[in-house]
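Trainee: Provided herewith is a single structure, encoded as structure tokens, for subsequent inquiry.
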Amino acid sequence: MIQYILGGILASLLGFLFLLKLNGNKKNKKNEIRDECVKSSINGDLRSNGDTDIIIVGAGVAGAALAYTLGKDGRRVVVIERDLTEPDRIVGELLQPGGYLKLIELDLQDCVEQIDSQRVLGYALFKDGKDTRLAYPLEKFHSDVAGRSFHNGRFIQRMREKASTLPNVRLEQGTVTSLLEENGTIKGVLYKTKSGEEINAYAPLTIVCDGCFSNLRRSLCSPKVEVPSCFVGLILENCKLPHQNHGHVILADPSPILFYQISSTEVRCLVDVPGQKVPSIGNGEMAKYLKTMVAPQIPPQIYDSFIAAIDQGSIRTMPNRSMPAAPLPTPGALLMGDAFNMRHPLTGGGMTVALSDIVVLQNLLRPLRNLNDSASLCKYLESFYTLRKPVASTINTLAGALYKVFCASPDQARKEMREACFDYLSLGGVCAEGPVALLSGLNPRPLSLVCHFFAVAIFGVGRLLLPFPSPKRLWIGAKLISTASGIIFPIIRAEGVRQMFFPATVPAYYRSPPVE
């Protein structure tokens with residue numbers, strides 16, 4: 001394996017040089033977008049009433065956790081959420097161990113208690129009748145540290161309840177329709193209450209966390225949203241998974257299928273359907289698709305429960321969105337959560353990224369007594385975009401690359417890459433622990449990710465060339481390396497080569513708090 005890993009390192013370094021050249025051709029300055037989601041003041045007389053330090057738009061995972069974190073630090077926080085009743089979603093149900101460590105850091109670990117959450121200790125991969133189990137490398141951590149799976153809505157409600165216990169945090173139900181701007185600085189928000197009343201709310205800093213369907217992000221970033229696939233969600237009742245306390249990933253055709261426990265009696269199933277269109281649920285096409293195309297690929301131990309869940313009829317769908325972070329630094333405002341950055345949910349890394357971002361922001365804001373100098377604060381908070389990169393870019397890149405590798409393809413090189421990935425992980429030892437540590441958020445090191453990715457590719461080439469190479473096998477091997485490069489390098493370029501691998505060379509990395 002040493003030669004494979006060394007080969008992977010060499011291939012990755014060559015790729016970096018290529019990407020750095022491409023990155024140098026990119027424009028350094030982006031034009032600021034101002035559209036219908038920003039409303040300029042008419043009379044130019046916007047003033048804060050002084051009783052709010054921060055407005056948070058949205059009380060999902062990011063918004064609720066952020067409200068408690070900033071409130072605990074003494075900030076006066078107002079959270080405006082469209083609907084404060086318990087959400088009902090089919091994603092955001094699996095928190096990686098790295099995310100759980102961030103919960104502990106934020107003093108929110110008790111929010112996974114009393115909601116029937118389940119410990120997750122690793123993954124089980126299934127392919128063509130074979131399976132392998134991959135354990136999280138948790139030996140160096142406290143026994144309580146593990147992944148957690150749960151009903152997303154229950155988790156969010158627990159965080160909202162905890163945030164609302166702080167006297168300086170106020171949760172309000174309303175729909176934010178626009179940001180209020182004066183001379184290029186965001187001064188607050190305009191929102192509509194449940195009764196239809198429109199209210200202006202003002203604060204020195206507005207943090208937008210209104211989720212993947214954000215209608216405010218276009219003024220604060222350059223969104224390039226992709227929808228590579230959709231999830232079809234089912235709940236299997238009283239189903240026993242083959243490997244308890246493990247997420248199950250079936251490398252099916254055309255794309256992966258996920259199973260994981262979300263309560264003591266329920267298993268979530270997510271069937272990935274490539275593209276933006278899915279069979280109709282209403283006319284029965286979806287049930288037919290699941291029974292004829294998907295069910296035959298399900299492990300026999302859970303086949304009957306899968307069919308029963310289809311017959312029950314509670315089938316839901318959700319588009320899987322991907323969007324690299326491309327901020328437009330704006331005085332008085334900041335983007336966070338899925339409104340700011342999204343990745344394919346295959347790896348369950350979204351909440352880990354959001355919680356990690358909150359830790360970074362908390363550490364940046366702590367030294368500041370007040371937030372009234374919007375221009376200086378904006379310049380200072382540019383360091384947030386660099387400091388978040390090691391964790392965010394590792395999880396984002398892994399999610400995008402792994403999804404493409406796990407999808408079936410008629411291309412022979414893609415087939416070999418998929419087979420090599422499964423067999424590489426099945427080797428155990430460093431071949432399994434390294435990638436799982438990256439997946440779990442326990443080892444947020446982009447270079448380690450690239451090394452393992454190309455080690456998989458070179459492992460696949462080595463299998464092709466043994467025992468005797470042939471011209472056809474050499475050609476497939478060359479295509480395999482080319483395919484691997486074509487998968488990972490565009491994702492890395494979108495994440496930002498310099499910030500991802502050389503953050504210390506970015507001037508914002510060393511930004512000091514503004515003098516008060």
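We label chains A, B, ... in the order they appear in the structure tokens, count residues from 1 in each chain, and number ligands from 1 in the order shown.
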Just list the residues in segment 237-398 of chain A DSSP gives strand (DSSP E) on the backbone, as a ChimeraX atom specification.
Mentor: /A:237,246-250,257-261,266-274,316-322,333-335
Trainee: Please provide the set of residues having any atom within 9 Å of Val232 of chain A, restricted to only C-alpha atoms, with same-chain residues fewer than 5 positions apart removed, written as a PyMOL selection string.
Mentor: chain A and resi 90+269-273+278+315-319
Trainee: Mind checking DSSP for segment 443-485 of chain A and telling me the alpha helix (DSSP H) residues as a VMD selection string?
Mentor: chain A and resid 446 to 465 471 to 485
Trainee: Which one of A:Arg89, A:Cys421, A:Ser383, A:Cys451 sits closest to Thr505 of chain A if you count only C-alpha atoms?
Mentor: A:Ser383
Trainee: Find the residues near segment 438-447 of chain A: any atom within 6 Å, counting only C-alpha atoms, skip ones fewer than 6 places away on the same chain, and give them as a short mmCIF file (atom, residue, chain, number, x, y, z; two decimals) with all heavy atoms, in the first residue's frame.
Mentor:
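File around-v3.cif, as written:
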```
data_model
loop_
_atom_site.label_atom_id
_atom_site.label_comp_id
_atom_site.auth_asym_id
_atom_site.auth_seq_id
_atom_site.Cartn_x
_atom_site.Cartn_y
_atom_site.Cartn_z
N GLN A 96 -22.66 13.68 12.64
CA GLN A 96 -21.40 12.95 12.71
C GLN A 96 -20.70 13.19 14.07
O GLN A 96 -20.98 14.19 14.74
CB GLN A 96 -20.48 13.38 11.57
CG GLN A 96 -21.01 13.08 10.18
CD GLN A 96 -20.97 11.60 9.84
OE1 GLN A 96 -20.51 10.77 10.63
NE2 GLN A 96 -21.46 11.24 8.66
N PRO A 97 -19.78 12.31 14.47
CA PRO A 97 -19.07 12.52 15.74
C PRO A 97 -18.38 13.88 15.83
O PRO A 97 -18.35 14.49 16.89
CB PRO A 97 -18.05 11.37 15.77
CG PRO A 97 -18.66 10.31 14.93
CD PRO A 97 -19.41 11.02 13.85
N GLY A 98 -17.83 14.34 14.72
CA GLY A 98 -17.20 15.66 14.72
C GLY A 98 -18.20 16.75 15.05
O GLY A 98 -17.88 17.73 15.74
N PRO A 390 -10.83 24.57 6.68
CA PRO A 390 -10.36 23.19 6.87
C PRO A 390 -11.48 22.19 7.10
O PRO A 390 -11.51 21.13 6.47
CB PRO A 390 -9.44 23.31 8.11
CG PRO A 390 -8.94 24.71 8.06
CD PRO A 390 -10.09 25.52 7.53
N VAL A 391 -12.42 22.52 7.98
CA VAL A 391 -13.54 21.61 8.24
C VAL A 391 -14.51 21.60 7.07
O VAL A 391 -14.86 20.55 6.52
CB VAL A 391 -14.28 21.99 9.54
CG1 VAL A 391 -15.53 21.12 9.72
CG2 VAL A 391 -13.36 21.83 10.74
N THR A 394 -13.17 20.15 3.62
CA THR A 394 -12.95 18.70 3.67
C THR A 394 -14.27 17.95 3.54
O THR A 394 -14.39 17.01 2.73
CB THR A 394 -12.26 18.31 4.99
OG1 THR A 394 -10.99 18.97 5.09
CG2 THR A 394 -12.03 16.80 5.06
#
```
Trainee: For Leu346 of chain A, which of A:Ile54, A:Ala399, A:Leu427, A:Leu106 is the closest residue, counting only C-alpha atoms?
Mentor: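 Closest candidate: A:Ala399.
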Trainee: Would you list the contacts of segment 62-71 of chain A as an MDAnalysis selection string, taking every protein, DNA or RNA residue within 7 Å and counting only C-alpha atoms, but skipping same-chain residues closer than 6 positions in sequence?
Mentor: chainID A and resid 56 77 106 159:160 162:163 166 168:169 209 337 354:355 358 362
Trainee: Of the candidates A:Leu290, A:Ile199, A:Thr206, A:Gly428, which shows the shortest atom-to-atom distance to Tyr136 of chain A, using only C-alpha atoms?
Mentor: A:Gly428
Trainee: Return the single residue from A:Ser356, A:Gln412, A:Thr185, A:Ser393 that is closest to Arg493 of chain A, with distances computed using only C-alpha atoms.
Mentor: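 That would be A:Ser393, the residue with the smallest distance to Arg493 of chain A.
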Trainee: With distances taken over only C-alpha atoms, which residue among A:Thr330, A:Ser195, A:Thr52, A:Ser305 lies nearest Cys378 of chain A?
Mentor: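 Residue with the minimum atom-to-atom distance to Cys378 of chain A: A:Thr330.
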Trainee: Using only C-alpha atoms, can you tell me which of A:Lys288, A:Lys404, A:Lys224, A:Lys187 comes closest to Ile488 of chain A?
Mentor: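 Comparing A:Lys288, A:Lys404, A:Lys224, A:Lys187 against Ile488 of chain A, the winner is A:Lys404.
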Trainee: I want to know what sits within 10 Å of Lys192 of chain A, based on only C-alpha atoms, with residues of the same chain fewer than 5 positions away left out; could you give that as a PyMOL selection string?
Mentor: chain A and resi 80+82+173-178+197-200
Trainee: Which residues come within 12 Å of Tyr510 of chain A, counting only C-alpha atoms, excluding same-chain residues fewer than 6 positions away, as a list in words?
Mentor: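 Counting only the stated atoms, we get Leu364, Lys379, Tyr380, Leu381, Glu382, Ser383, Phe384, Thr386, Leu387, Pro503 and Ala504 of chain A.
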Trainee: Go ahead and save the picked residues with N, CA, C and O atoms, as a PDB file, in the first residue's frame.
Mentor:
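As a result, selection.pdb now contains:
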```
ATOM      1  N   LEU A 364     -14.510  34.543  17.056  1.00  0.00           N
ATOM      2  CA  LEU A 364     -14.183  35.832  16.451  1.00  0.00           C
ATOM      3  C   LEU A 364     -14.914  36.983  17.138  1.00  0.00           C
ATOM      4  O   LEU A 364     -14.354  38.075  17.303  1.00  0.00           O
ATOM      5  N   LYS A 379     -14.810  43.905   7.696  1.00  0.00           N
ATOM      6  CA  LYS A 379     -13.430  43.590   7.295  1.00  0.00           C
ATOM      7  C   LYS A 379     -12.828  42.526   8.206  1.00  0.00           C
ATOM      8  O   LYS A 379     -12.148  41.604   7.757  1.00  0.00           O
ATOM      9  N   TYR A 380     -13.104  42.643   9.509  1.00  0.00           N
ATOM     10  CA  TYR A 380     -12.595  41.676  10.480  1.00  0.00           C
ATOM     11  C   TYR A 380     -13.192  40.290  10.243  1.00  0.00           C
ATOM     12  O   TYR A 380     -12.482  39.277  10.294  1.00  0.00           O
ATOM     13  N   LEU A 381     -14.495  40.245   9.951  1.00  0.00           N
ATOM     14  CA  LEU A 381     -15.174  38.948   9.797  1.00  0.00           C
ATOM     15  C   LEU A 381     -14.848  38.259   8.474  1.00  0.00           C
ATOM     16  O   LEU A 381     -15.272  37.122   8.255  1.00  0.00           O
ATOM     17  N   GLU A 382     -14.096  38.927   7.591  1.00  0.00           N
ATOM     18  CA  GLU A 382     -13.631  38.229   6.385  1.00  0.00           C
ATOM     19  C   GLU A 382     -12.753  37.043   6.753  1.00  0.00           C
ATOM     20  O   GLU A 382     -12.638  36.079   5.981  1.00  0.00           O
ATOM     21  N   SER A 383     -12.135  37.090   7.934  1.00  0.00           N
ATOM     22  CA  SER A 383     -11.314  35.962   8.379  1.00  0.00           C
ATOM     23  C   SER A 383     -12.167  34.722   8.630  1.00  0.00           C
ATOM     24  O   SER A 383     -11.665  33.596   8.554  1.00  0.00           O
ATOM     25  N   PHE A 384     -13.459  34.915   8.904  1.00  0.00           N
ATOM     26  CA  PHE A 384     -14.365  33.777   9.110  1.00  0.00           C
ATOM     27  C   PHE A 384     -14.351  32.852   7.903  1.00  0.00           C
ATOM     28  O   PHE A 384     -14.335  31.623   8.041  1.00  0.00           O
ATOM     29  N   THR A 386     -12.054  32.224   5.826  1.00  0.00           N
ATOM     30  CA  THR A 386     -10.822  31.440   5.714  1.00  0.00           C
ATOM     31  C   THR A 386     -10.695  30.434   6.848  1.00  0.00           C
ATOM     32  O   THR A 386     -10.330  29.271   6.632  1.00  0.00           O
ATOM     33  N   LEU A 387     -11.010  30.862   8.071  1.00  0.00           N
ATOM     34  CA  LEU A 387     -10.854  29.990   9.235  1.00  0.00           C
ATOM     35  C   LEU A 387     -11.786  28.781   9.197  1.00  0.00           C
ATOM     36  O   LEU A 387     -11.481  27.745   9.782  1.00  0.00           O
ATOM     37  N   PRO A 503      -4.372  28.207   3.847  1.00  0.00           N
ATOM     38  CA  PRO A 503      -5.116  29.324   4.465  1.00  0.00           C
ATOM     39  C   PRO A 503      -4.214  30.365   5.114  1.00  0.00           C
ATOM     40  O   PRO A 503      -4.573  31.539   5.177  1.00  0.00           O
ATOM     41  N   ALA A 504      -3.043  29.943   5.591  1.00  0.00           N
ATOM     42  CA  ALA A 504      -2.143  30.885   6.269  1.00  0.00           C
ATOM     43  C   ALA A 504      -1.578  31.929   5.313  1.00  0.00           C
ATOM     44  O   ALA A 504      -1.011  32.937   5.754  1.00  0.00           O
TER      45      ALA A 504
END
```
Trainee: In Å, how far is it from atom CA of Val430 of chain A to atom CA of His452 of chain A?
Mentor: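 Taking atom CA of Val430 of chain A and atom CA of His452 of chain A, their separation equals 9.6 Å.
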Trainee: Any idea what's packed within 9 Å of Ala325 of chain A, counting only C-alpha atoms, ignoring anything in its chain fewer than 3 positions away? Could you give it as a list in words?
Mentor: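 Contacts, in chain order: Cys221, Ser222, Pro223, Lys224, Phe340, Asn341, Met342, Tyr385, Ala494 and Glu495 of chain A.
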